[in-house]
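Engineer: Below is the structure I would like to discuss, written out as structure tokens.
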Amino acid sequence: MHKSSLFAQVQAFVRISLAAGFASLCFGGPVATAQEPQGSDLLAISESSPESKLTPEQLDFFESKIRPVLIENCYRCHATSEQSVRGGLSVENRDALRAGGESGAAIVPGDLQNSILWHAINYRDYRMPPRGKLPANVIADFKTWIEMGAPDPRSNAGLVVKSKVTPEDIEAGKSFWAFTQPKKVEPMVEKFQAWGKTQIDRFVASKWEDQGIEPSQDCDPNILVRRLTFDLVGLPPTPEQRSTFLQDWKSSPEEAIERLADELLASKQYGERWGRHWLDVARYAETSGKESDVTFPNAWRYRDYVIDSFQKDKPYDQFLMEQIAGDLLPVSDDEQWNEHLIATGFLAVGPKSLAEQNPRQFQADLIDEQIDTTTRVVLGLSVGCARCHDHKFDPIPQSDYYAIAGIFQSTQTFYGGTRSIRNRQPSDWIRLPVQDPEASKPIMSPEDLAELKKELQERQQELAEARRAQRTGANTPGLNANLLDQIVSQLRARISSVDAAGRPVSVCMGVQDHESARNARVLVRGEIDQPAQEVDRGFVQVLGNLPKQLPANRSGRLELAKWLVSHENPLTARVMVNRIWQHLIGQGIVREPDNFGVSGPGPTHRELLDHLAVDFVEQGWSVKQMIRSIVTSRVYRLSTAYDPGRLESDPANLWIARGNVKRLNAEAIRDAMLTVSGSINLGPPKSSIFASMGSAFMGPNGPQNIPLLLAPGGNNDDRAANIRRLLGGNLRNPAVSLLEVPNYHRSVYLPIGRNNLPRALDVFDFADPNSVTGTREVSNTADQALYMMNNPFVLELSDAFARRVMQSTKDPQGRVDRAFQIAYGRSASIEEMTASLKFVRKAKESQDQVPADEALFKAWSQFCQALMAAAEFRILN
Amino acid sequence: MMFSRRELLRSVSAGFGYLAFAGLSTMQMRRVLGDDQYPATDDASSPRNPLAPKASHFPAKAKHVIFLCMQGGPSHIDTFDYKPKLEADQGKTGRANGAKLMASPWKFHQRGQSGLWMSEVFPELGKHADQMCLIRSMHCDQPIHPRAMTQMHTGNAQFVRPSLGAWTLYGLGTENENLPGFVALNPQAAAAQNYGNAFLPAIYQGTKVGRPQGPRPAMARNLPANNSGSVPDISNPRLNRKSQRSQIDFIQQLNQNKLAVDQVDPNVEGVIESYELAFRMQDALPKLMDLGNESEKTLAMYGINENPTDGFGRQCLMARKFIEAGVRFVELNHGNWDHHQRLRDQLPDKCSEIDKPIAGLLADLQQRGLLDQTLVIWGGEFGRTPDAQNGDGRDHNNKGYTTWMAGGGVRGGVSYGATDDHGREAVEDKCHIHDWHATILHLLGLDHQRLTYRYAGRDFRLTDVYGNVVDRICT
């Protein structure tokens, strides 16, 4: 069986197969001593590096005997400047040769036996160059050269990228508001001192006094109950919630809000709503995206972890620690270990260019994605900007980026997949210490397994044959290399999804430390073949509180996580409370929630932001507590009602003297349709459609792959049903068709393919899973209208809604009223009642040759659809 | 505190949709502002509707784009880049390990009055040589298909960025409010980002038409004359037009009621607008895609209803209809140009599928007076090596290849730049894909350095920090 399809064996945390290779291929072998930055701005080539001094004889030997051979025989396939870097090996400069490729160091100076290149040119293991062995005298030259220490002038040793950001700049940068510690101060408020009961109210009101503006009225309780349920659980209020709330309101509005908020925060639906907010910034998806779009059949475990964490109100600092360094935290039992491993999926679920041929480039991009996501999500800083140069706005030198890169390059990322021409960078998965309950039963008999293995062998032979034929131009009917490549890859995936006894293996995505830690080297302009000085692993200097030194034998991820959530970190709490505030109030105190840097807009209410941040930490990083504080403020109750004066004095509502009208997000719109039609399944699904596909490509596969696509693996209750649906349906792309199987679960559980977003979500501005999305855009498009008017699923839900309404009463007026109550939580106005009855009558009469019963039902269905399609359904006042 | 109308509109709609702008009527604005000291300007640059036509940075040479996208990397050496030296060196050792140089199996001729050298594989297209500008010095950074294709569309293979069409729409808006402004015909499957808006507002993304239904998308010829089912939710399976209009009237009545209660609510107005646009689009789009009303003569010009030109001919004709109707940017796709082997058999097949349709498109645009204002672009993600591979195939080559342009603002009958003697690498007047993008925007009246969008604290552009306009190909 192929190496890369093996699952990581977690006996004592994962470590297998590619690990060693990765470590050495990615990050340079012995590196030159870092030079002190000096002199000019950007680059300085130091003359003092010992290794850069070759004797004239050595230089001559290399130039006359070695370099021409490399150019003539190797560059075509092993040079960055040429077509490809096969196997990740470039022979273009000294560092690259010593770093080697996937198999390890190509050259170890003075050590023939450990120099893979030596074995390769002797046609042992590898046979290089493939078109014919080098002449004996040339091979002898290589022996001499390696034994003399492989002197090679093509080196970046001593290259130093000098930053323009000086230590003084960094020191001065610390006075920028976002990089100072949040402090609590008392709000300065006079006129509105008694307006609200909470500190939040007083901070907001103090700005009104500064601006000379007046707040709007409190909103109507009937509106507020809808605001609360959608904001907290993403669903419309149930009739019971509404009536209890309105009843409570009469005696005490404050108590009514507190009671309902507590009920909502305790519900399972809260975790689903707020977990999804986090999944937006965690750029969660279940495929790799980009060109290959390979499935991540285990991503759903991370999704469920996030939902559970919010549901349990896991302290935010712990939540972050688990996602960044869960694998390194102490645990009390296997369940907790499981949870922590799954949490690290945060670092693994990002988009990936799996078609990338150069593993070093792939690794550099992977690390970049991890740095960019982590810093923007947690700190609201785009440290990723410093990959190629110093940060343009913030005092973040390029070396800060590579200090963090050192941490992530000392970390291995596991996301699965099997090797093929579309997936050149597969990895292992992490085997979970606690296997799923169904994992105890074999799903494949030993005979089946043996059969599959036999088939794999045969197909592999055919593939080799087809590839040979391709090279020689021979005609081989029936052997299509590309198709065979896919089949082989699928067979591997299928075989590796079970253990030797045929039992499914429960695995997750995530990260693990490498066996040893390595500092990164600054890359000139971010180019992998331009390594300059090495930098110690570390964090963002301007945020201060740096540890003296990171442990030599660990990546430093644990320290990074601790530093992120330390009380001295000025940003982590601020960024999170701003996100919470934004989701409830409709706009952030800092309006670009992922940009707290110098180029960002800054806070409108700095004292309030700091107050909330300090509170957040003091209250044990409790997200629920923070939500409770905000929704029980009077600010949260402000009416959105239009007032010309208020609009003119503060058109952008910077000072929150009125409520913000919100458009429901895509999930809430769909969930509300499922709810009003009585079709919603509030139970969580077991996994995800993607889990039932196993490792697959979402590209245009063709129907040949159906049985293979449905490889056992993950949790798949209704594989058989899926196959039936598929075989009966449209076969254009089995994987894509699977995604269209009707699903009545809450929208957070819909399958998220980076290139195949569910239409219901995509059309209403779903978060782009290719990047951190702190704020979704809100648009009104014709496509949304087409979806609401014509989509079969919407029509189906309209029917269900109509049935519900028609069953409630026979009286048309009663039905209209009932429908308005269900959809909007209010009665129809007189005009609306008249218009509705007229519409239903007309819609019924316009149908010729349809039995009266059916015509009536269809008319009510059209009416119900209209209620869901109208603006009020998706607008939150 | 005073606000200009524009500022007020912008801030009122903060957090709201884009069509919402259109909804805030002048009368309401006057009510908001209390008087008429801010006269309603209806100039094209006002931010009323983000899809409304916008003024370009400077006078545009072309108003529309038809992008003929060839997937797989068509060989430049066998089509548009004549290399006599390669013929002379046929069979000699090529680059490095023993690969042999392979001359083009096809003859080149000088075509048109300009005498542009073109291969015999494009007999019909050659008749339009005097309108074509061959850019023979193209190069990009990516040697593998998907990444090069993405770089060709977005300028960047590493990050998800808006596509050329989305930038164009963002910069210029569109002219027909009943139709999408950026249409991708027969789009590549699983390549959403190539037509995507990325961080630009969603309204600028490409509308996919005729998504391939078969396993070989590039081969799909699945757009029947009256095909309209391939735009999602474009028609209602239950209601006729009249019944649906009556339902929409009812929806709008509910919306108007809400508006009456809320008084001013750009979002409600945005919703109202979206239903009207959708309803119009529902009519216009299928009509436009129905080729049934075209004359036999026109169909024949494009090679429709004959082999092997039917598939691409339909796309080309549809592109003309979209452009005629005011759509800003149309992209067409044609695939399977990845000739690692059997180039001798396969390249002519591919060429004959597109030769007549493209020639027909150019002729049709010209006879309708549309060619002057339409920029037609042809190209693949890269070219191919002069070395033979697998017998008579050629390998990928991103170091030098050819694309061509014709129409609005482009000098016809010329070639620009050159590759080396064998066509391996661009050496003279090199045109990087960033330069190509800069030039396309330039022809549309847009300065690639000024067409920016602020996202995550930074101004982004199609050409990142690169790109030089190739002035010499412009009239």
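If you're wondering about the labels, chains in the structure tokens are A, B, ... by order shown, residues count from 1 in each chain, ligands from 1 in order shown.
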Excluding same-chain residues fewer than 3 positions from Asp459 of chain B, what lies within 12 Å of it counting only C-alpha atoms, as a ChimeraX atom specification?

Structural biologist: /A:392,599 /B:199-200,449-456,462-465

Engineer: Restricting the output to N, CA and C atoms, write the selected residues as an mmCIF file, in the first residue's frame.

Structural biologist:
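Result went into out.cif, see below:
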```
data_model
loop_
_atom_site.group_PDB
_atom_site.id
_atom_site.type_symbol
_atom_site.label_atom_id
_atom_site.label_comp_id
_atom_site.auth_asym_id
_atom_site.auth_seq_id
_atom_site.Cartn_x
_atom_site.Cartn_y
_atom_site.Cartn_z
ATOM 1 N N LYS A 392 3.328 47.145 5.576
ATOM 2 C CA LYS A 392 3.260 48.487 5.003
ATOM 3 C C LYS A 392 2.772 49.533 6.010
ATOM 4 N N SER A 599 -3.931 50.825 9.675
ATOM 5 C CA SER A 599 -4.720 51.158 8.493
ATOM 6 C C SER A 599 -6.218 50.961 8.727
ATOM 7 N N PHE B 199 -13.248 39.335 -3.121
ATOM 8 C CA PHE B 199 -13.669 40.311 -2.113
ATOM 9 C C PHE B 199 -14.523 41.439 -2.689
ATOM 10 N N LEU B 200 -14.654 41.493 -4.003
ATOM 11 C CA LEU B 200 -15.552 42.511 -4.557
ATOM 12 C C LEU B 200 -16.992 42.127 -4.210
ATOM 13 N N GLN B 449 -3.835 51.064 -12.557
ATOM 14 C CA GLN B 449 -3.312 51.475 -11.255
ATOM 15 C C GLN B 449 -4.362 52.214 -10.425
ATOM 16 N N ARG B 450 -5.369 52.694 -11.107
ATOM 17 C CA ARG B 450 -6.412 53.427 -10.381
ATOM 18 C C ARG B 450 -7.644 52.570 -10.091
ATOM 19 N N LEU B 451 -7.759 51.476 -10.790
ATOM 20 C CA LEU B 451 -8.915 50.603 -10.550
ATOM 21 C C LEU B 451 -8.614 49.753 -9.313
ATOM 22 N N THR B 452 -8.969 50.294 -8.156
ATOM 23 C CA THR B 452 -8.604 49.609 -6.910
ATOM 24 C C THR B 452 -9.840 49.338 -6.076
ATOM 25 N N TYR B 453 -9.709 48.398 -5.173
ATOM 26 C CA TYR B 453 -10.787 48.118 -4.233
ATOM 27 C C TYR B 453 -10.168 47.904 -2.861
ATOM 28 N N ARG B 454 -10.717 48.594 -1.889
ATOM 29 C CA ARG B 454 -10.148 48.510 -0.544
ATOM 30 C C ARG B 454 -10.721 47.310 0.202
ATOM 31 N N TYR B 455 -9.835 46.476 0.664
ATOM 32 C CA TYR B 455 -10.258 45.274 1.366
ATOM 33 C C TYR B 455 -9.203 44.945 2.407
ATOM 34 N N ALA B 456 -9.655 44.572 3.588
ATOM 35 C CA ALA B 456 -8.745 44.209 4.683
ATOM 36 C C ALA B 456 -7.637 45.249 4.843
ATOM 37 N N LEU B 462 -6.112 44.508 -9.960
ATOM 38 C CA LEU B 462 -5.959 43.297 -10.779
ATOM 39 C C LEU B 462 -4.484 42.982 -11.011
ATOM 40 N N THR B 463 -3.695 44.021 -11.203
ATOM 41 C CA THR B 463 -2.291 43.806 -11.552
ATOM 42 C C THR B 463 -1.363 43.856 -10.346
ATOM 43 N N ASP B 464 -1.925 43.827 -9.150
ATOM 44 C CA ASP B 464 -1.122 43.879 -7.926
ATOM 45 C C ASP B 464 -0.175 45.085 -7.986
ATOM 46 N N VAL B 465 1.128 44.856 -7.976
ATOM 47 C CA VAL B 465 2.032 46.010 -8.079
ATOM 48 C C VAL B 465 2.768 45.994 -9.420
#
```

Engineer: Would you compute the distance between atom CA of Ile135 of chain B and atom CA of Trp378 of chain B? Give it in Å to one decimal.

Structural biologist: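 Interatomic distance here is 10.2 Å.
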
Engineer: Can you tell me which residues surround Asp387 of chain B at a distance of at most 10 Å, considering only C-alpha atoms, apart from same-chain residues fewer than 4 positions away, and format the answer as a list in words?

Structural biologist: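 These residues fall inside the cut-off: Leu86, Gln90, Gly91, Lys92, Thr93, Gly94, Arg95, Gly98, Ala99, Lys100, Leu101, Met102, Ala103, Asp392, Gly393, Arg394, Asp395, His422, Gly423 and Arg424 of chain B.
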
Engineer: Can you list, as an MDAnalysis selection string, every residue of segment 92-194 of chain B that DSSP puts in alpha helix (DSSP H)?

Structural biologist: chainID B and resid 145:154 164:172

Engineer: Could you pull out the strand (DSSP E or B) residues of segment 213-353 of chain A from DSSP and send them as a PDB file with C-alpha atoms, in the first residue's frame?

Structural biologist:
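Final file, result16.pdb:
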```
ATOM      1  CA  ASP A 218     -37.072  51.603  22.708  1.00  0.00           C
ATOM      2  CA  THR A 287     -12.924  20.667   0.520  1.00  0.00           C
ATOM      3  CA  VAL A 294     -10.220  17.590  -2.815  1.00  0.00           C
ATOM      4  CA  THR A 295     -12.677  16.612  -0.082  1.00  0.00           C
TER       5      THR A 295
END
```

Engineer: With only C-alpha atoms as the atoms that count, which of A:Asp220, A:Asp765, A:Asp848, A:Glu607 lies nearest to Ser206 of chain A?

Structural biologist: A:Glu607

Engineer: Fewer than 2 positions away in the same chain doesn't count, so skip those; otherwise give me all residues within 12 Å of Gln311 of chain A, counting only C-alpha atoms, as a ChimeraX atom specification.

Structural biologist: /A:232-233,264-276,304-309,313-315,319,622-624

Engineer: Give me the residues near segment 494-511 of chain A as a ChimeraX atom specification, where near means some atom within 7 Å (using only C-alpha atoms) and where sequence neighbours in that chain fewer than 6 positions away do not count.

Structural biologist: /A:5-6,298-299,301,341-342,344-345,347-348,411-415,429-432,435-436,439-446,449,452,711-714

Engineer: Would you save the residues from that selection as a tab-separated table (two decimals), in the first residue's frame, using N, CA and C atoms?

Structural biologist:
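Full text of part_26.tsv as output:
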```tsv
chain	number	residue	atom	x	y	z
A	5	SER	N	-1.07	6.97	1.89
A	5	SER	CA	-2.46	6.71	2.23
A	5	SER	C	-2.60	6.06	3.60
A	6	LEU	N	-1.51	5.84	4.24
A	6	LEU	CA	-1.58	5.28	5.59
A	6	LEU	C	-2.14	6.30	6.55
A	298	ASN	N	-13.34	14.70	6.96
A	298	ASN	CA	-13.41	14.76	8.43
A	298	ASN	C	-13.50	16.16	8.98
A	299	ALA	N	-13.68	17.14	8.10
A	299	ALA	CA	-13.74	18.53	8.58
A	299	ALA	C	-14.92	18.72	9.52
A	301	ARG	N	-15.91	17.22	11.95
A	301	ARG	CA	-15.62	17.05	13.39
A	301	ARG	C	-15.22	18.39	13.99
A	341	LEU	N	-7.51	17.23	19.95
A	341	LEU	CA	-6.94	16.93	18.63
A	341	LEU	C	-7.82	17.51	17.53
A	342	ILE	N	-9.13	17.32	17.69
A	342	ILE	CA	-10.07	17.82	16.69
A	342	ILE	C	-9.99	19.35	16.60
A	344	THR	N	-7.55	21.27	16.76
A	344	THR	CA	-6.44	21.78	15.95
A	344	THR	C	-6.79	21.76	14.46
A	345	GLY	N	-7.94	21.22	14.14
A	345	GLY	CA	-8.45	21.31	12.77
A	345	GLY	C	-8.51	22.76	12.29
A	347	LEU	N	-6.27	24.83	12.24
A	347	LEU	CA	-5.08	25.13	11.45
A	347	LEU	C	-5.05	24.32	10.15
A	348	ALA	N	-5.95	23.34	10.03
A	348	ALA	CA	-5.85	22.41	8.89
A	348	ALA	C	-6.94	22.58	7.84
A	411	THR	N	5.78	22.46	12.73
A	411	THR	CA	4.50	21.82	12.96
A	411	THR	C	4.09	21.08	11.69
A	412	GLN	N	3.49	19.92	11.85
A	412	GLN	CA	2.99	19.18	10.69
A	412	GLN	C	1.49	19.33	10.61
A	413	THR	N	0.98	19.48	9.41
A	413	THR	CA	-0.46	19.64	9.24
A	413	THR	C	-1.04	18.41	8.56
A	414	PHE	N	-2.15	17.92	9.09
A	414	PHE	CA	-2.77	16.70	8.57
A	414	PHE	C	-4.18	16.99	8.05
A	415	TYR	N	-4.39	16.69	6.79
A	415	TYR	CA	-5.69	16.94	6.18
A	415	TYR	C	-6.13	15.81	5.27
A	429	TRP	N	-3.95	11.50	8.14
A	429	TRP	CA	-4.89	12.07	9.08
A	429	TRP	C	-4.39	11.76	10.48
A	430	ILE	N	-5.09	12.27	11.47
A	430	ILE	CA	-4.74	11.93	12.84
A	430	ILE	C	-5.75	10.92	13.34
A	431	ARG	N	-5.27	9.80	13.76
A	431	ARG	CA	-6.17	8.77	14.27
A	431	ARG	C	-6.61	9.15	15.67
A	432	LEU	N	-7.91	9.09	15.90
A	432	LEU	CA	-8.44	9.55	17.18
A	432	LEU	C	-8.28	8.49	18.26
A	435	GLN	N	-12.42	5.99	19.25
A	435	GLN	CA	-13.03	5.69	17.96
A	435	GLN	C	-14.55	5.86	18.03
A	436	ASP	N	-15.16	6.21	16.91
A	436	ASP	CA	-16.62	6.33	16.88
A	436	ASP	C	-17.25	5.00	17.26
A	439	ALA	N	-17.35	2.20	14.89
A	439	ALA	CA	-16.07	1.71	14.42
A	439	ALA	C	-15.78	0.30	14.91
A	440	SER	N	-16.56	-0.18	15.88
A	440	SER	CA	-16.28	-1.52	16.41
A	440	SER	C	-16.72	-2.62	15.45
A	441	LYS	N	-17.66	-2.25	14.56
A	441	LYS	CA	-18.17	-3.28	13.65
A	441	LYS	C	-17.47	-3.18	12.30
A	442	PRO	N	-17.00	-4.30	11.81
A	442	PRO	CA	-16.36	-4.25	10.48
A	442	PRO	C	-17.38	-3.86	9.43
A	443	ILE	N	-16.96	-3.05	8.47
A	443	ILE	CA	-17.85	-2.73	7.37
A	443	ILE	C	-17.36	-3.36	6.08
A	444	MET	N	-16.25	-4.04	6.20
A	444	MET	CA	-15.71	-4.71	5.03
A	444	MET	C	-15.21	-6.08	5.46
A	445	SER	N	-15.58	-7.10	4.74
A	445	SER	CA	-15.12	-8.43	5.10
A	445	SER	C	-13.67	-8.58	4.66
A	446	PRO	N	-12.96	-9.52	5.27
A	446	PRO	CA	-11.57	-9.74	4.85
A	446	PRO	C	-11.48	-10.05	3.36
A	449	LEU	N	-11.81	-6.86	1.40
A	449	LEU	CA	-10.59	-6.07	1.53
A	449	LEU	C	-9.50	-6.65	0.63
A	452	LEU	N	-10.23	-5.79	-2.90
A	452	LEU	CA	-9.88	-4.40	-3.21
A	452	LEU	C	-8.38	-4.25	-3.42
A	711	ALA	N	-16.90	5.52	-1.12
A	711	ALA	CA	-16.06	4.64	-0.32
A	711	ALA	C	-16.50	4.67	1.12
A	712	PRO	N	-16.41	3.52	1.77
A	712	PRO	CA	-16.73	3.53	3.19
A	712	PRO	C	-15.74	4.42	3.91
A	713	GLY	N	-16.14	4.97	4.99
A	713	GLY	CA	-15.25	5.88	5.71
A	713	GLY	C	-16.10	6.95	6.33
A	714	GLY	N	-15.64	7.53	7.38
A	714	GLY	CA	-16.47	8.50	8.07
A	714	GLY	C	-17.70	7.79	8.59
```

Engineer: Need to verify the contact set: Thr174 of chain B, 9 Å, only C-alpha atoms, exclusion of same-chain residues closer than 3 positions in sequence. Can you return it as a list in words?

Structural biologist: Leu51, Ala52, Pro53, Lys54, Leu169, Glu177, Leu179, Pro180, Gly181, Phe182, Gly326, Val327, Arg328 and Phe329 of chain B

Engineer: Compile the contact shell of segment 631-644 of chain A as a compact mmCIF listing (two decimals) with N, CA and C atoms, in the first residue's frame: residues with an atom at most 7 Å away, counting only C-alpha atoms, same-chain residues fewer than 3 positions apart removed.

Structural biologist:
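Output saved as part_37.txt:
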```
# COMPACT_ATOMS: atom_id res chain seq x y z
N GLY A 196 -30.02 54.61 30.94
CA GLY A 196 -29.92 53.15 30.96
C GLY A 196 -29.32 52.69 32.26
N THR A 198 -27.06 50.10 32.57
CA THR A 198 -25.78 49.41 32.47
C THR A 198 -24.66 50.36 32.09
N ILE A 200 -22.66 49.87 29.68
CA ILE A 200 -22.71 49.97 28.23
C ILE A 200 -23.56 51.18 27.83
N ASP A 201 -24.72 51.29 28.46
CA ASP A 201 -25.62 52.40 28.13
C ASP A 201 -24.94 53.75 28.39
N SER A 216 -33.17 57.20 19.93
CA SER A 216 -34.53 56.86 19.52
C SER A 216 -35.24 56.17 20.67
N GLN A 217 -36.52 55.89 20.45
CA GLN A 217 -37.30 55.16 21.45
C GLN A 217 -36.81 53.72 21.58
N ASP A 218 -37.25 53.06 22.64
CA ASP A 218 -37.07 51.60 22.71
C ASP A 218 -37.98 50.98 21.67
N CYS A 219 -37.59 49.81 21.18
CA CYS A 219 -38.45 49.20 20.18
C CYS A 219 -39.59 48.45 20.85
N LEU A 224 -38.74 43.24 19.49
CA LEU A 224 -37.57 42.84 20.28
C LEU A 224 -37.47 41.32 20.43
N GLU A 254 -36.95 44.37 31.70
CA GLU A 254 -35.61 43.84 31.97
C GLU A 254 -35.66 42.35 32.26
N ILE A 257 -36.41 40.24 29.19
CA ILE A 257 -35.23 40.04 28.33
C ILE A 257 -34.28 39.03 28.95
N GLU A 258 -34.01 39.20 30.24
CA GLU A 258 -33.08 38.29 30.91
C GLU A 258 -33.57 36.84 30.82
N ILE A 585 -25.22 44.20 17.69
CA ILE A 585 -25.61 45.60 17.44
C ILE A 585 -25.69 45.87 15.93
N ILE A 627 -22.50 38.21 25.81
CA ILE A 627 -23.74 38.38 25.04
C ILE A 627 -24.85 38.88 25.96
N ARG A 628 -24.92 38.27 27.14
CA ARG A 628 -25.95 38.63 28.10
C ARG A 628 -25.82 40.11 28.49
N LEU A 647 -31.20 60.66 11.23
CA LEU A 647 -30.50 60.15 10.07
C LEU A 647 -29.52 61.19 9.54
N GLU A 648 -29.97 62.44 9.53
CA GLU A 648 -29.10 63.48 8.97
C GLU A 648 -27.92 63.76 9.88
N ARG A 658 -29.69 55.00 17.35
CA ARG A 658 -30.85 54.24 16.89
C ARG A 658 -30.39 52.81 16.62
N GLY A 659 -31.34 51.90 16.48
CA GLY A 659 -30.99 50.53 16.17
C GLY A 659 -30.61 50.40 14.70
N ASN A 660 -29.79 49.39 14.41
CA ASN A 660 -29.43 49.11 13.02
C ASN A 660 -30.39 48.07 12.45
N VAL A 661 -30.92 48.36 11.28
CA VAL A 661 -31.71 47.34 10.60
C VAL A 661 -30.74 46.27 10.09
N ASN A 877 -35.82 44.22 12.24
CA ASN A 877 -35.86 45.60 12.72
C ASN A 877 -35.42 45.68 14.18
N VAL B 32 -35.41 63.68 3.33
CA VAL B 32 -34.35 63.52 4.32
C VAL B 32 -33.61 64.83 4.50
N ASP B 262 -42.03 51.66 7.50
CA ASP B 262 -40.65 52.04 7.83
C ASP B 262 -40.27 53.41 7.29
N GLN B 263 -41.01 53.92 6.35
CA GLN B 263 -40.75 55.19 5.66
C GLN B 263 -39.51 55.16 4.78
N VAL B 264 -38.34 55.05 5.41
CA VAL B 264 -37.13 54.96 4.59
C VAL B 264 -36.42 53.67 4.95
```

Engineer: From the options B:Ile473, B:Ile248, B:Met118, B:Asn390, which residue's atoms come nearest to His442 of chain B, counting only C-alpha atoms?

Structural biologist: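 Distance minimum relative to His442 of chain B lands on B:Ile473.
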
Engineer: Record the distance separating atom CA of Gly196 of chain B and atom CA of Val383 of chain A, expressed in Å with one decimal.

Structural biologist: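 Separation between atom CA of Gly196 of chain B and atom CA of Val383 of chain A: 25.4 Å.
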
Engineer: Considering only C-alpha atoms, state which residue in the set A:Leu479, A:Ala668, A:Val85, A:Ala285 is at the smallest distance from Pro297 of chain A.

Structural biologist: A:Ala285

Engineer: Rounded to one decimal place, report the atom CA of Val209 of chain B-atom CA of Val65 of chain B distance in Å.

Structural biologist: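 Going from atom CA of Val209 of chain B over to atom CA of Val65 of chain B covers 16.5 Å.
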